[in-house]
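J.: Have a look at this one before I ask anything.
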Amino acid sequence: MSKDYYKTLGVGKSASKEEIKKAFRQMAHKYHPDKNKGDDSKFKEVNEAYQVLSDDQKRTQYDQFGTADAQGFGGFNQGQGFGGFDFSGFQNAGDFSSQNFDMGDLGDIFGDFFGGNMGSRGRQKVKRGRDISTEINLSFEDAVFGTMRNILISKQSVCHICHGSGSKPGTKMKTCQTCNGNGQVREIRRSILGSFSTVKTCGICLGQGKIPDEKCSDCRGAGVNRKQEDIKITIPAGINNGETIRMFGVGEAIKNGQAGDLYIKVNIGRHHIFKRDGANLHMDLNIKLSDALLGATYPLKTLDGDIEIKIPEGINHGELLRVRGRGVPQGSRRGDIIIRVLVKMPSRLSRETKETVKKLKEEGL
């Protein structure tokens, strides 16, 4: 009976390469013989399945014929896992560099056990400085219309004397003797699985391949130093309370790498009249009973000027009025002001007024 490699990895037949790789790593971690509850035979099965399903040609042949014989897949022999690598006990694993074995996919797994940087085939990550964060307080109006702010932040910045090179201005750079100008050094580590060859960034020149003939006196060759930096922030119109603005490359600098990012959390103060709901502003307006009955005109202070609104006669308590285009900007348009009318009832009535109300009552009003 042919082996079901999809079942071995716990994926469907339509699984993508990334899904297969993810499943393989999880299974390999689970069954690795060096782990407390590892399983040597399961580990070999997982490896065998991955070697087939991760290769487009082998996977196509497997899907078509449902088998992985020596002719189709390069030989999975009894007692061996893949590529002629003997997993029996791991005692005689030998040097991985001499095996037909893709360390790119298992690198992260072995790195967990041995502390090595077994990344895919020498691929190096770009060094990145630390992200930093801060908070700013804004008025309600500044949040609605947007504004510019300057803040002072203490952080690691590129040295203004050597401009990040770490070298004293006017002096030359010389080849790093530790890595011979390659920027990388190779390390050999030995374990029960054999010898592992890893490549790491040179700790002397930090991957540059050259070191200063004479270090910068201001940053002492680090290329960066801590200082206070004045940063200008653009606050977009309509920003919400608690939102975060991300400024790429404005975080802490690092030599021969990319600066981190700056995250700015926005705290918005309250307004004495308006409450915000998305692009609209809400408010209450108290009016007299007589104005509710007969209608009137009321002045209204908006965020960008004074206007007058008309109260229609016979308006009810709690009824809403809308002032269009005076709310929060959103793209090319603005929201509205929504006014809730509150009719203020008189606490005392004169004799004449009472008589008038009685007549209204008699008329069914």
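Chain labels A, B, ... are given in the sequence in which chains occur in the structure tokens; within each chain residues are numbered consecutively from 1, and ligands are likewise numbered from 1 in the order shown.
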Among stretch 286-356 of chain A, which ones does DSSP place in helix (DSSP H, G or I), written as a ChimeraX atom specification?

T.: /A:289-294,351-356

J.: With only C-alpha atoms as the basis for distance, which of A:Thr8, A:Gln228, A:Thr60, A:Ser217 is at the shortest distance from A:Phe43?

T.: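 When distances to A:Phe43 are compared using only C-alpha atoms, the smallest one comes from A:Thr8.
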
J.: So that I can see what lies close to stretch 212-216 of chain A, please list as a PDB file with C-alpha atoms, in the first residue's frame the residues with an atom at most 10 Å from it, counting only C-alpha atoms and leaving out residues fewer than 2 positions away in the same chain.

T.:
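Final file, around.pdb:
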```pdb
ATOM      1  CA  CYS A 159      26.204  60.133  14.380  1.00  0.00           C
ATOM      2  CA  ILE A 161      30.105  63.638  12.815  1.00  0.00           C
ATOM      3  CA  CYS A 162      30.866  60.418  10.896  1.00  0.00           C
ATOM      4  CA  HIS A 163      27.373  60.045   9.349  1.00  0.00           C
ATOM      5  CA  GLY A 164      27.128  56.463  10.560  1.00  0.00           C
ATOM      6  CA  SER A 165      30.464  55.134   9.271  1.00  0.00           C
ATOM      7  CA  GLY A 166      32.084  55.008  12.723  1.00  0.00           C
ATOM      8  CA  SER A 167      35.304  56.391  11.206  1.00  0.00           C
ATOM      9  CA  LYS A 168      36.999  59.633  12.116  1.00  0.00           C
ATOM     10  CA  PRO A 169      36.391  62.126   9.266  1.00  0.00           C
ATOM     11  CA  GLY A 170      39.338  62.204   6.867  1.00  0.00           C
ATOM     12  CA  THR A 171      40.633  58.759   7.786  1.00  0.00           C
ATOM     13  CA  LYS A 172      40.445  55.620   5.679  1.00  0.00           C
ATOM     14  CA  MET A 173      38.695  52.336   6.262  1.00  0.00           C
ATOM     15  CA  LYS A 174      40.762  49.166   6.400  1.00  0.00           C
ATOM     16  CA  THR A 175      39.911  45.529   5.741  1.00  0.00           C
ATOM     17  CA  CYS A 176      38.627  43.635   8.760  1.00  0.00           C
ATOM     18  CA  CYS A 205      33.023  44.921  11.458  1.00  0.00           C
ATOM     19  CA  LYS A 210      35.901  47.083   6.820  1.00  0.00           C
ATOM     20  CA  ASP A 218      31.986  61.338  18.999  1.00  0.00           C
ATOM     21  CA  CYS A 219      30.400  57.864  18.663  1.00  0.00           C
ATOM     22  CA  ARG A 220      33.603  55.839  19.323  1.00  0.00           C
ATOM     23  CA  GLY A 221      33.119  53.842  16.153  1.00  0.00           C
ATOM     24  CA  ALA A 222      29.512  52.846  16.880  1.00  0.00           C
ATOM     25  CA  GLY A 223      28.121  54.992  14.050  1.00  0.00           C
TER      26      GLY A 223
END
```

J.: Could you pull the residues within 9 Å of stretch 207-209 of chain A, counting only C-alpha atoms, minus those fewer than 4 positions along the same chain, as a compact mmCIF listing (two decimals) with N, CA and C atoms, in the first residue's frame?

T.:
```
# COMPACT_ATOMS: atom_id res chain seq x y z
N LYS A 174 39.87 50.27 6.72
CA LYS A 174 40.76 49.17 6.40
C LYS A 174 40.01 47.84 6.47
N THR A 175 40.56 46.84 5.79
CA THR A 175 39.91 45.53 5.74
C THR A 175 39.91 44.88 7.12
N CYS A 176 38.76 44.33 7.48
CA CYS A 176 38.63 43.63 8.76
C CYS A 176 39.43 42.34 8.70
N GLN A 177 40.32 42.15 9.66
CA GLN A 177 41.18 40.97 9.67
C GLN A 177 40.44 39.73 10.16
N THR A 178 39.37 39.94 10.91
CA THR A 178 38.63 38.79 11.45
C THR A 178 37.91 38.02 10.37
N CYS A 179 37.28 38.75 9.43
CA CYS A 179 36.51 38.08 8.37
C CYS A 179 37.17 38.23 7.00
N ASN A 180 38.36 38.87 6.98
CA ASN A 180 39.08 39.10 5.72
C ASN A 180 38.25 39.89 4.69
N GLY A 181 37.44 40.78 5.22
CA GLY A 181 36.66 41.65 4.34
C GLY A 181 35.36 41.07 3.83
N ASN A 182 35.03 39.86 4.26
CA ASN A 182 33.80 39.22 3.78
C ASN A 182 32.56 39.68 4.54
N GLY A 183 32.75 40.19 5.72
CA GLY A 183 31.61 40.61 6.53
C GLY A 183 30.95 39.47 7.27
N GLN A 184 31.42 38.23 7.00
CA GLN A 184 30.85 37.05 7.63
C GLN A 184 31.96 36.13 8.11
N LYS A 200 27.84 33.48 10.14
CA LYS A 200 27.30 34.57 10.95
C LYS A 200 27.94 35.90 10.55
N THR A 201 27.24 36.96 10.85
CA THR A 201 27.78 38.30 10.63
C THR A 201 28.98 38.52 11.54
N CYS A 202 30.02 39.05 10.98
CA CYS A 202 31.23 39.31 11.76
C CYS A 202 30.92 40.30 12.88
N GLY A 203 31.31 39.93 14.09
CA GLY A 203 31.04 40.79 15.24
C GLY A 203 31.99 41.97 15.37
N ASN A 256 24.99 50.19 10.04
CA ASN A 256 24.89 49.28 8.89
C ASN A 256 23.53 48.57 8.84
```

J.: Could you state the separation of atom CA of A:Leu281 and atom CA of A:Gly327 in Å, given to one decimal place?

T.: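 Distance between the two atoms: 5.5 Å.
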
J.: Quick one: pick out all strand (DSSP E or B) residues within stretch 118-271 of chain A from a backbone DSSP run and write them as a VMD selection string.

T.: chain A and resid 128 132 to 138 147 to 158 167 173 to 175 184 to 191 194 to 201 210 to 212 215 224 to 235 244 to 247 258 262 to 268

J.: Of the candidates A:Ser157, A:Ser133, A:Ser14, A:Thr353, which one gets nearest to A:Ala259 if we count only C-alpha atoms?

T.: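 Looking only at the distances to A:Ala259, the closest residue turns out to be A:Ser157.
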
J.: Can you list, as a ChimeraX atom specification, every protein, DNA or RNA residue that comes within 10 Å of A:Ile239 when you count only C-alpha atoms, leaving out same-chain residues fewer than 3 positions away?

T.: /A:140,142-146,235-236,242-245,266-268,278,328-330

J.: Write out as a PyMOL selection string which residues come within 8 Å of A:Val158 when counting only C-alpha atoms, dropping same-chain ones fewer than 2 positions away.

T.: chain A and resi 156+160+163-164+223-225+253-255

J.: For A:Ile233, which of A:Arg149, A:Lys310, A:Lys58, A:Arg128 is the closest residue, counting only C-alpha atoms?

T.: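 Closest to A:Ile233, using only C-alpha atoms: A:Arg149.
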
J.: For A:Phe274, which residue out of A:Arg25, A:Val46, A:Arg326, A:Ser154 is the nearest one, using only C-alpha atoms?

T.: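 That would be A:Arg326, the residue with the smallest distance to A:Phe274.
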
J.: Point out the residue among A:Ile264, A:Glu45, A:Ser197, A:Ile153 with the least atom-to-atom distance to A:Ile231, counting only C-alpha atoms.

T.: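 Checking each of A:Ile264, A:Glu45, A:Ser197, A:Ile153 against A:Ile231, counting only C-alpha atoms, the winner is A:Ile153.
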
J.: What separation in Å, quoted to one decimal, exists between atom CA of A:Ala49 and atom CA of A:Thr198?

T.: 26.2 Å

J.: Give me the residues within 12 Å of A:Arg59 as a ChimeraX atom specification, counting only C-alpha atoms and dropping any in the same chain fewer than 2 places off.

T.: /A:4-6,13-17,20,48-57,61-68,72-73

J.: Create the file for the chosen residues now, containing C-alpha atoms and written as an mmCIF file, in the first residue's frame.

T.:
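Full text of again31.cif as output:
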```
data_model
loop_
_atom_site.group_PDB
_atom_site.id
_atom_site.type_symbol
_atom_site.label_atom_id
_atom_site.label_comp_id
_atom_site.auth_asym_id
_atom_site.auth_seq_id
_atom_site.Cartn_x
_atom_site.Cartn_y
_atom_site.Cartn_z
ATOM 1 C CA ASP A 4 -0.234 8.869 2.227
ATOM 2 C CA TYR A 5 2.213 11.749 2.552
ATOM 3 C CA TYR A 6 -0.582 14.309 2.887
ATOM 4 C CA LYS A 13 -4.116 17.602 -1.256
ATOM 5 C CA SER A 14 -4.655 21.233 -2.266
ATOM 6 C CA ALA A 15 -2.286 22.583 0.402
ATOM 7 C CA SER A 16 0.136 25.297 -0.683
ATOM 8 C CA LYS A 17 3.927 25.052 -0.328
ATOM 9 C CA ILE A 20 3.199 22.098 3.726
ATOM 10 C CA GLU A 48 10.201 11.581 3.728
ATOM 11 C CA ALA A 49 6.764 13.096 3.154
ATOM 12 C CA TYR A 50 8.127 16.622 3.077
ATOM 13 C CA GLN A 51 10.907 15.811 0.609
ATOM 14 C CA VAL A 52 8.258 14.634 -1.855
ATOM 15 C CA LEU A 53 5.515 17.232 -1.328
ATOM 16 C CA SER A 54 7.896 20.208 -1.234
ATOM 17 C CA ASP A 55 9.304 19.341 -4.670
ATOM 18 C CA ASP A 56 6.942 20.264 -7.532
ATOM 19 C CA GLN A 57 8.148 17.485 -9.851
ATOM 20 C CA GLN A 61 4.511 12.304 -9.934
ATOM 21 C CA TYR A 62 3.270 11.240 -6.490
ATOM 22 C CA ASP A 63 -0.203 12.713 -7.115
ATOM 23 C CA GLN A 64 -0.348 10.917 -10.456
ATOM 24 C CA PHE A 65 0.994 7.470 -9.471
ATOM 25 C CA GLY A 66 0.495 7.453 -5.698
ATOM 26 C CA THR A 67 3.886 5.949 -5.015
ATOM 27 C CA ALA A 68 7.425 7.019 -4.151
ATOM 28 C CA GLY A 72 10.463 8.169 -9.248
ATOM 29 C CA PHE A 73 11.977 9.909 -6.262
#
```

J.: What is the distance, in Å and to one decimal place, between atom CA of A:Ile132 and atom CA of A:Lys227?

T.: 14.0 Å

J.: In terms of the shortest atom-to-atom distance over only C-alpha atoms, which of A:Lys3, A:Asp39, A:Asn240, A:Lys22 is closest to A:Arg270?

T.: A:Asn240
